[in-house]
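Chemist: A single structure is presented below for examination.
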Amino acid sequence: MSFIHEKSLSSADSEVFEILENEFNRQSTHLEMIASENFTSPAVMEAMGSIFTNKYAEGYPHKRYYGGCQFADQIEQLAIERLCKIFGCSYANVQPHSGSQANGAVYAALLQAGDKLLGMDLQHGGHLTHGAKPSFSGKNYHSFTYGVDIDGRMNYEKISEIAKIVRPKIIVCGASAYAREIDFKKFREIADSVNAILFADIAHIAGLVAAGEHMSPFPYADIVTSTTHKTLRGPRGGVIMTNNEEISKKINSAIFPGLQGGPLVHVIAAKAVAFGEILQPAWSDYAKQVKINAKILGDTLLQRGFKLVSGGTDNHLVLVSLIDKDFSGEEASVALENAGITVNKNSIPGDLRPASSTSGIRIGSAALTTLGMREKEFIFIAHKICDVLDNIKNTHIHAQIKEEVKALLNDFSVYNHATY
Ligand code: DSN
């Protein structure tokens with residue numbers, strides 16, 4: 001391309017190039033099953049690595065603080081239009097650098113320091129930014145939590161009772177490690193009963209929502225955030241959406257100049273590309289297959305005697321409880337990594353182990369589905385996961401499975417997506 005410098009990275013900086021090569025090899029030889037990760041298309045990466053990285057564009061389209069923003073305006077406007085079309089909403093901000101920044105902007109726009117916030121407990125599947133005490137959301141605001149029942153599912157009557165006692169200004173719904181459908185309509189009723197703002201963080205499920213494979217937070221939530229790099233399969237970043245014009249104005253001010261400076265226009269360009277992919281008819285096949293693959297993974301783990309929090313899944317992830325095992329989530333994830341399977345340790349409801357060790361692992365289907373894997377591959381992988389966990393100390397078996405994983409990945413490529 002005409003705008004690329006003559007020297008490629010391999011000759012310009014061999015040290016950095018080598019690290020990138022190693023990461024490419026890691027991604028190509030391991031089964032990527034972290035529920036919050038995915039493989040973007042080469043087109044998304046091309047936009048992200050583009051000339052827009054050079055541009056400052058503080059402000060919003062047609063209201064910038066710098067000259068030369070005509071094409072930055074076009075790309076940001078396009079990303080906004082595509083995002084609104086995907087989710088059927090009226091206003092969107094595509095500038096948040098991350099999901100946490102997006103959530104921070106929601107609170108900055110709608111709450112005063114010390115206001116009451118009610119969100120899902122981190123240990124029960126919520127997110128740090130939903131009011132967890134180590135996070136700004138738990139430090140700056142008076143945060144309260146709801147959790148899941150003994151069956152691992154949200155109990156909307158209990159959440160309603162908590163809301164009536166707490167009387168929060170804002171209720172946060174959405175999760176990082178919850179395998180069941182979230183009923184946004186019920187959350188709306190709860191919010192209405194205590195006159196609270198309803199804020200939905202759909203970072204994990206957004207790609208499913210986009211395809212109608214999960215209930216949409218619209219028209220129930222007042223405000224919706226998401227990351228763009230999980231099931232949405234775009235670049236790392238965040239977005240904020242609403243149908244309320246007043247809220248949209250407050251959000252825009254909270255992002256810039258409130259929390260951020262110049263937007264990452266190259267990332268916004270990549271968001272536009274990813275949103276364009278989601279608007280293609282094939283997206284619905286992708287989202288359906290993500291759910292089918294997670295379900296068959298969960299069913300196979302259950303058949304092999306493993307416990308799942310909530311007993312199964314309605315979305316893209318399973319949360320495996322290791323509560324009856326004599327090893328931790330940390331030990332499980334290290335053994336799986338040694339077998340070429342990348343997952344993350346995850347706290348489970350009522351976990352007695354600290355977050356650095358945990359009694360669970362979270363496994364997602366979004367990334368491998370992008371590569372074209374289907375039921376056959378997920379049944380095979382589920383058995384390999386069980387084989388590793390059933391032989392947690394047997395490094396010989398881990399090494400053997402690593403070879404089988406590499407052989408499976410020979411038929412799939414991180415640069416060659418399935419048709420969806
Ligand atoms: N860190 C993300 C996850 O893994 O779910 C949430 O932001």
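Going by the structure tokens order, chains are called A, B, ..., each with residues numbered from 1, while ligands are numbered from 1 in the order shown.
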Throw together the list of residues within 9 Å of ligand 1, counting only C-alpha atoms and all ligand atoms, and drop it here as a ChimeraX atom specification.

Modeler: /A:34-37,98-100,126-129,175-177,203-204,227,230,344

Chemist: With a cut-off of 10 Å, could you pull out the residues of range 175-270 of chain A touching range 77-80 of chain A and give me the nearest pair of atoms for each, distance in Å to one decimal, using only C-alpha atoms, ordered by chain and ascending number, as JSON lines?

Modeler:
```
{"residue": "A:Val239", "atom": "CA", "partner": "A:Ile80", "partner_atom": "CA", "distance": 9.4}
{"residue": "A:Met241", "atom": "CA", "partner": "A:Ile80", "partner_atom": "CA", "distance": 9.5}
{"residue": "A:Ile268", "atom": "CA", "partner": "A:Ala79", "partner_atom": "CA", "distance": 6.8}
{"residue": "A:Ala269", "atom": "CA", "partner": "A:Ala79", "partner_atom": "CA", "distance": 7.2}
{"residue": "A:Ala270", "atom": "CA", "partner": "A:Ala79", "partner_atom": "CA", "distance": 8.8}
```

Chemist: I need the chosen residues saved as a short mmCIF file (atom, residue, chain, number, x, y, z; two decimals), in the first residue's frame, with C-alpha atoms.

Modeler:
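As written to disk, part-v1.cif reads:
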```cif
data_model
loop_
_atom_site.label_atom_id
_atom_site.label_comp_id
_atom_site.auth_asym_id
_atom_site.auth_seq_id
_atom_site.Cartn_x
_atom_site.Cartn_y
_atom_site.Cartn_z
CA VAL A 239 -18.62 1.55 23.12
CA MET A 241 -25.16 3.21 23.44
CA ILE A 268 -12.36 3.42 15.65
CA ALA A 269 -11.59 2.53 12.01
CA ALA A 270 -11.13 -1.09 13.05
#
```

Chemist: Tell me which of A:Glu46, A:Asp387, A:Glu81, A:Glu189 sits closest to Gly276 in chain A, counting only C-alpha atoms.

Modeler: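 Using only C-alpha atoms, Gly276 in chain A sits closest to A:Glu81.
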
Chemist: Please list as an NGL selection string every residue within 10 Å of Ile341 in chain A, counting only C-alpha atoms and excluding residues in the same chain fewer than 4 positions away.

Modeler: :A and (29-34 or 333-337 or 363 or 381 or 384-385 or 388 or 398 or 401-402 or 405)

Chemist: Near range 288-295 of chain A, counting only C-alpha atoms, which residues have an atom at most 9 Å away, once you skip same-chain residues fewer than 2 positions from it, shown as a PyMOL selection string?

Modeler: chain A and resi 208+211+213+231+283-286+297-300+312-318+363-370+373-375+377-379

Chemist: Please, could you write that set of residues out with N, CA and C atoms as an mmCIF file, in the first residue's frame?

Modeler:
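The file below, again-v2.cif, is the result:
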```cif
data_model
loop_
_atom_site.group_PDB
_atom_site.id
_atom_site.type_symbol
_atom_site.label_atom_id
_atom_site.label_comp_id
_atom_site.auth_asym_id
_atom_site.auth_seq_id
_atom_site.Cartn_x
_atom_site.Cartn_y
_atom_site.Cartn_z
ATOM 1 N N LEU A 208 -23.732 -12.095 20.509
ATOM 2 C CA LEU A 208 -24.941 -12.927 20.472
ATOM 3 C C LEU A 208 -26.173 -12.032 20.361
ATOM 4 N N ALA A 211 -26.952 -10.811 16.946
ATOM 5 C CA ALA A 211 -27.553 -11.795 16.038
ATOM 6 C C ALA A 211 -28.924 -12.255 16.499
ATOM 7 N N GLU A 213 -29.383 -13.837 19.209
ATOM 8 C CA GLU A 213 -29.168 -15.106 19.917
ATOM 9 C C GLU A 213 -29.154 -14.917 21.432
ATOM 10 N N THR A 231 -17.123 -11.181 22.024
ATOM 11 C CA THR A 231 -17.933 -11.838 20.984
ATOM 12 C C THR A 231 -18.206 -10.906 19.807
ATOM 13 N N TRP A 283 -23.217 -13.410 10.041
ATOM 14 C CA TRP A 283 -22.985 -13.225 11.482
ATOM 15 C C TRP A 283 -23.930 -14.093 12.306
ATOM 16 N N SER A 284 -25.140 -14.228 11.818
ATOM 17 C CA SER A 284 -26.102 -14.998 12.599
ATOM 18 C C SER A 284 -25.680 -16.474 12.661
ATOM 19 N N ASP A 285 -25.078 -17.001 11.584
ATOM 20 C CA ASP A 285 -24.569 -18.386 11.619
ATOM 21 C C ASP A 285 -23.453 -18.499 12.658
ATOM 22 N N TYR A 286 -22.600 -17.478 12.698
ATOM 23 C CA TYR A 286 -21.488 -17.484 13.656
ATOM 24 C C TYR A 286 -22.017 -17.531 15.088
ATOM 25 N N LEU A 297 -19.740 -28.447 24.462
ATOM 26 C CA LEU A 297 -18.596 -28.475 25.378
ATOM 27 C C LEU A 297 -19.087 -28.743 26.803
ATOM 28 N N GLY A 298 -20.098 -27.984 27.224
ATOM 29 C CA GLY A 298 -20.638 -28.148 28.577
ATOM 30 C C GLY A 298 -21.235 -29.531 28.779
ATOM 31 N N ASP A 299 -22.004 -29.998 27.796
ATOM 32 C CA ASP A 299 -22.643 -31.320 27.919
ATOM 33 C C ASP A 299 -21.591 -32.417 28.059
ATOM 34 N N THR A 300 -20.521 -32.298 27.276
ATOM 35 C CA THR A 300 -19.472 -33.328 27.328
ATOM 36 C C THR A 300 -18.753 -33.309 28.683
ATOM 37 N N GLY A 312 -25.004 -25.658 33.280
ATOM 38 C CA GLY A 312 -24.943 -25.663 31.811
ATOM 39 C C GLY A 312 -24.686 -24.270 31.278
ATOM 40 N N THR A 313 -25.130 -24.020 30.064
ATOM 41 C CA THR A 313 -24.900 -22.704 29.467
ATOM 42 C C THR A 313 -25.988 -22.331 28.469
ATOM 43 N N ASP A 314 -26.273 -21.027 28.399
ATOM 44 C CA ASP A 314 -27.154 -20.485 27.353
ATOM 45 C C ASP A 314 -26.355 -19.585 26.411
ATOM 46 N N ASN A 315 -25.062 -19.404 26.671
ATOM 47 C CA ASN A 315 -24.330 -18.427 25.864
ATOM 48 C C ASN A 315 -23.007 -18.996 25.342
ATOM 49 N N HIS A 316 -21.955 -18.218 25.418
ATOM 50 C CA HIS A 316 -20.687 -18.587 24.789
ATOM 51 C C HIS A 316 -19.677 -19.170 25.763
ATOM 52 N N LEU A 317 -20.082 -19.385 27.022
ATOM 53 C CA LEU A 317 -19.088 -19.838 27.998
ATOM 54 C C LEU A 317 -19.656 -20.864 28.965
ATOM 55 N N VAL A 318 -18.737 -21.628 29.538
ATOM 56 C CA VAL A 318 -19.089 -22.481 30.680
ATOM 57 C C VAL A 318 -18.153 -22.127 31.826
ATOM 58 N N ILE A 363 -14.396 -21.266 30.425
ATOM 59 C CA ILE A 363 -14.010 -21.706 29.078
ATOM 60 C C ILE A 363 -15.010 -21.152 28.067
ATOM 61 N N GLY A 364 -14.508 -20.540 27.006
ATOM 62 C CA GLY A 364 -15.396 -19.924 26.022
ATOM 63 C C GLY A 364 -15.231 -20.535 24.634
ATOM 64 N N SER A 365 -16.252 -20.329 23.798
ATOM 65 C CA SER A 365 -16.263 -20.951 22.471
ATOM 66 C C SER A 365 -16.096 -19.952 21.317
ATOM 67 N N ALA A 366 -16.072 -18.641 21.619
ATOM 68 C CA ALA A 366 -16.151 -17.645 20.535
ATOM 69 C C ALA A 366 -14.952 -17.699 19.576
ATOM 70 N N ALA A 367 -13.740 -17.792 20.123
ATOM 71 C CA ALA A 367 -12.541 -17.703 19.276
ATOM 72 C C ALA A 367 -12.409 -18.916 18.360
ATOM 73 N N LEU A 368 -12.563 -20.116 18.921
ATOM 74 C CA LEU A 368 -12.396 -21.317 18.086
ATOM 75 C C LEU A 368 -13.524 -21.448 17.072
ATOM 76 N N THR A 369 -14.708 -20.907 17.405
ATOM 77 C CA THR A 369 -15.798 -20.922 16.418
ATOM 78 C C THR A 369 -15.427 -20.023 15.242
ATOM 79 N N THR A 370 -14.753 -18.906 15.525
ATOM 80 C CA THR A 370 -14.293 -18.032 14.446
ATOM 81 C C THR A 370 -13.394 -18.797 13.473
ATOM 82 N N MET A 373 -14.341 -24.095 13.901
ATOM 83 C CA MET A 373 -14.572 -25.348 14.633
ATOM 84 C C MET A 373 -16.047 -25.500 14.974
ATOM 85 N N ARG A 374 -16.479 -26.751 14.911
ATOM 86 C CA ARG A 374 -17.898 -27.058 15.146
ATOM 87 C C ARG A 374 -18.023 -28.160 16.207
ATOM 88 N N GLU A 375 -19.203 -28.820 16.218
ATOM 89 C CA GLU A 375 -19.484 -29.809 17.277
ATOM 90 C C GLU A 375 -18.385 -30.868 17.391
ATOM 91 N N GLU A 377 -15.216 -30.895 16.649
ATOM 92 C CA GLU A 377 -13.981 -30.419 17.280
ATOM 93 C C GLU A 377 -14.215 -30.119 18.775
ATOM 94 N N PHE A 378 -15.378 -29.552 19.095
ATOM 95 C CA PHE A 378 -15.613 -29.188 20.499
ATOM 96 C C PHE A 378 -15.794 -30.424 21.385
ATOM 97 N N ILE A 379 -16.353 -31.497 20.827
ATOM 98 C CA ILE A 379 -16.455 -32.738 21.621
ATOM 99 C C ILE A 379 -15.040 -33.282 21.871
#
```

Chemist: Where does DSSP see strand (DSSP E or B) in range 342-372 of chain A, if you list the residues as a list in words?

Modeler: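 Listing strand (DSSP E or B) positions across range 342-372 of chain A yields Thr342, Asn344, Lys345, Gly360, Ile361, Arg362, Ile363 and Gly364 of chain A.
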
Chemist: For the selection you just gave me, I'd like the residues written to a file as a PDB file, in the first residue's frame, keeping N, CA and C atoms.

Modeler:
```
ATOM      1  N   THR A 342      -5.730 -22.876  26.206  1.00  0.00           N
ATOM      2  CA  THR A 342      -5.646 -21.659  27.014  1.00  0.00           C
ATOM      3  C   THR A 342      -7.026 -21.283  27.557  1.00  0.00           C
ATOM      4  N   ASN A 344      -8.919 -19.440  31.502  1.00  0.00           N
ATOM      5  CA  ASN A 344      -8.507 -18.696  32.692  1.00  0.00           C
ATOM      6  C   ASN A 344      -9.134 -19.260  33.957  1.00  0.00           C
ATOM      7  N   LYS A 345      -8.339 -19.181  35.028  1.00  0.00           N
ATOM      8  CA  LYS A 345      -8.878 -19.516  36.352  1.00  0.00           C
ATOM      9  C   LYS A 345      -9.952 -18.495  36.669  1.00  0.00           C
ATOM     10  N   GLY A 360     -12.341 -22.468  40.158  1.00  0.00           N
ATOM     11  CA  GLY A 360     -13.045 -22.665  38.891  1.00  0.00           C
ATOM     12  C   GLY A 360     -12.188 -22.303  37.697  1.00  0.00           C
ATOM     13  N   ILE A 361     -12.644 -22.733  36.538  1.00  0.00           N
ATOM     14  CA  ILE A 361     -12.068 -22.239  35.285  1.00  0.00           C
ATOM     15  C   ILE A 361     -13.227 -21.846  34.366  1.00  0.00           C
ATOM     16  N   ARG A 362     -12.973 -20.813  33.566  1.00  0.00           N
ATOM     17  CA  ARG A 362     -13.981 -20.322  32.618  1.00  0.00           C
ATOM     18  C   ARG A 362     -13.506 -20.690  31.213  1.00  0.00           C
ATOM     19  N   ILE A 363     -14.396 -21.266  30.425  1.00  0.00           N
ATOM     20  CA  ILE A 363     -14.010 -21.706  29.078  1.00  0.00           C
ATOM     21  C   ILE A 363     -15.010 -21.152  28.067  1.00  0.00           C
ATOM     22  N   GLY A 364     -14.508 -20.540  27.006  1.00  0.00           N
ATOM     23  CA  GLY A 364     -15.396 -19.924  26.022  1.00  0.00           C
ATOM     24  C   GLY A 364     -15.231 -20.535  24.634  1.00  0.00           C
TER      25      GLY A 364
END
```

Chemist: Please indicate the distance in Å from CA of Ser248 in chain A to CA of Ile223 in chain A, rounded to one decimal place.

Modeler: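 Interatomic distance here is 8.7 Å.
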
Chemist: Looking at A:Ile165, A:Ala339, A:Ala109, A:Val44, which one is nearest to Phe144 in chain A, with distances taken over only C-alpha atoms?

Modeler: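 Nearest candidate to Phe144 in chain A out of A:Ile165, A:Ala339, A:Ala109, A:Val44: A:Ile165.
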
Chemist: Of the residues A:Leu408, A:Cys386, A:Leu301, A:Ile162, which is the one nearest to Leu118 in chain A, using only C-alpha atoms?

Modeler: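 Comparing A:Leu408, A:Cys386, A:Leu301, A:Ile162 against Leu118 in chain A, the winner is A:Ile162.
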
Chemist: Under the rule of at most 7 Å, produce a per-residue listing of range 196-281 of chain A near range 51-73 of chain A: chain, number, name, the closest pair of atoms, and the distance in Å, as JSON lines, using only C-alpha atoms.

Modeler:
```
{"residue": "A:Phe256", "atom": "CA", "partner": "A:Gly59", "partner_atom": "CA", "distance": 6.6}
{"residue": "A:Gly261", "atom": "CA", "partner": "A:Glu58", "partner_atom": "CA", "distance": 6.2}
{"residue": "A:Gly262", "atom": "CA", "partner": "A:Glu58", "partner_atom": "CA", "distance": 4.4}
{"residue": "A:Pro263", "atom": "CA", "partner": "A:Glu58", "partner_atom": "CA", "distance": 6.3}
{"residue": "A:Leu264", "atom": "CA", "partner": "A:Thr53", "partner_atom": "CA", "distance": 6.9}
{"residue": "A:Val265", "atom": "CA", "partner": "A:Phe52", "partner_atom": "CA", "distance": 5.6}
{"residue": "A:His266", "atom": "CA", "partner": "A:Phe52", "partner_atom": "CA", "distance": 4.6}
```
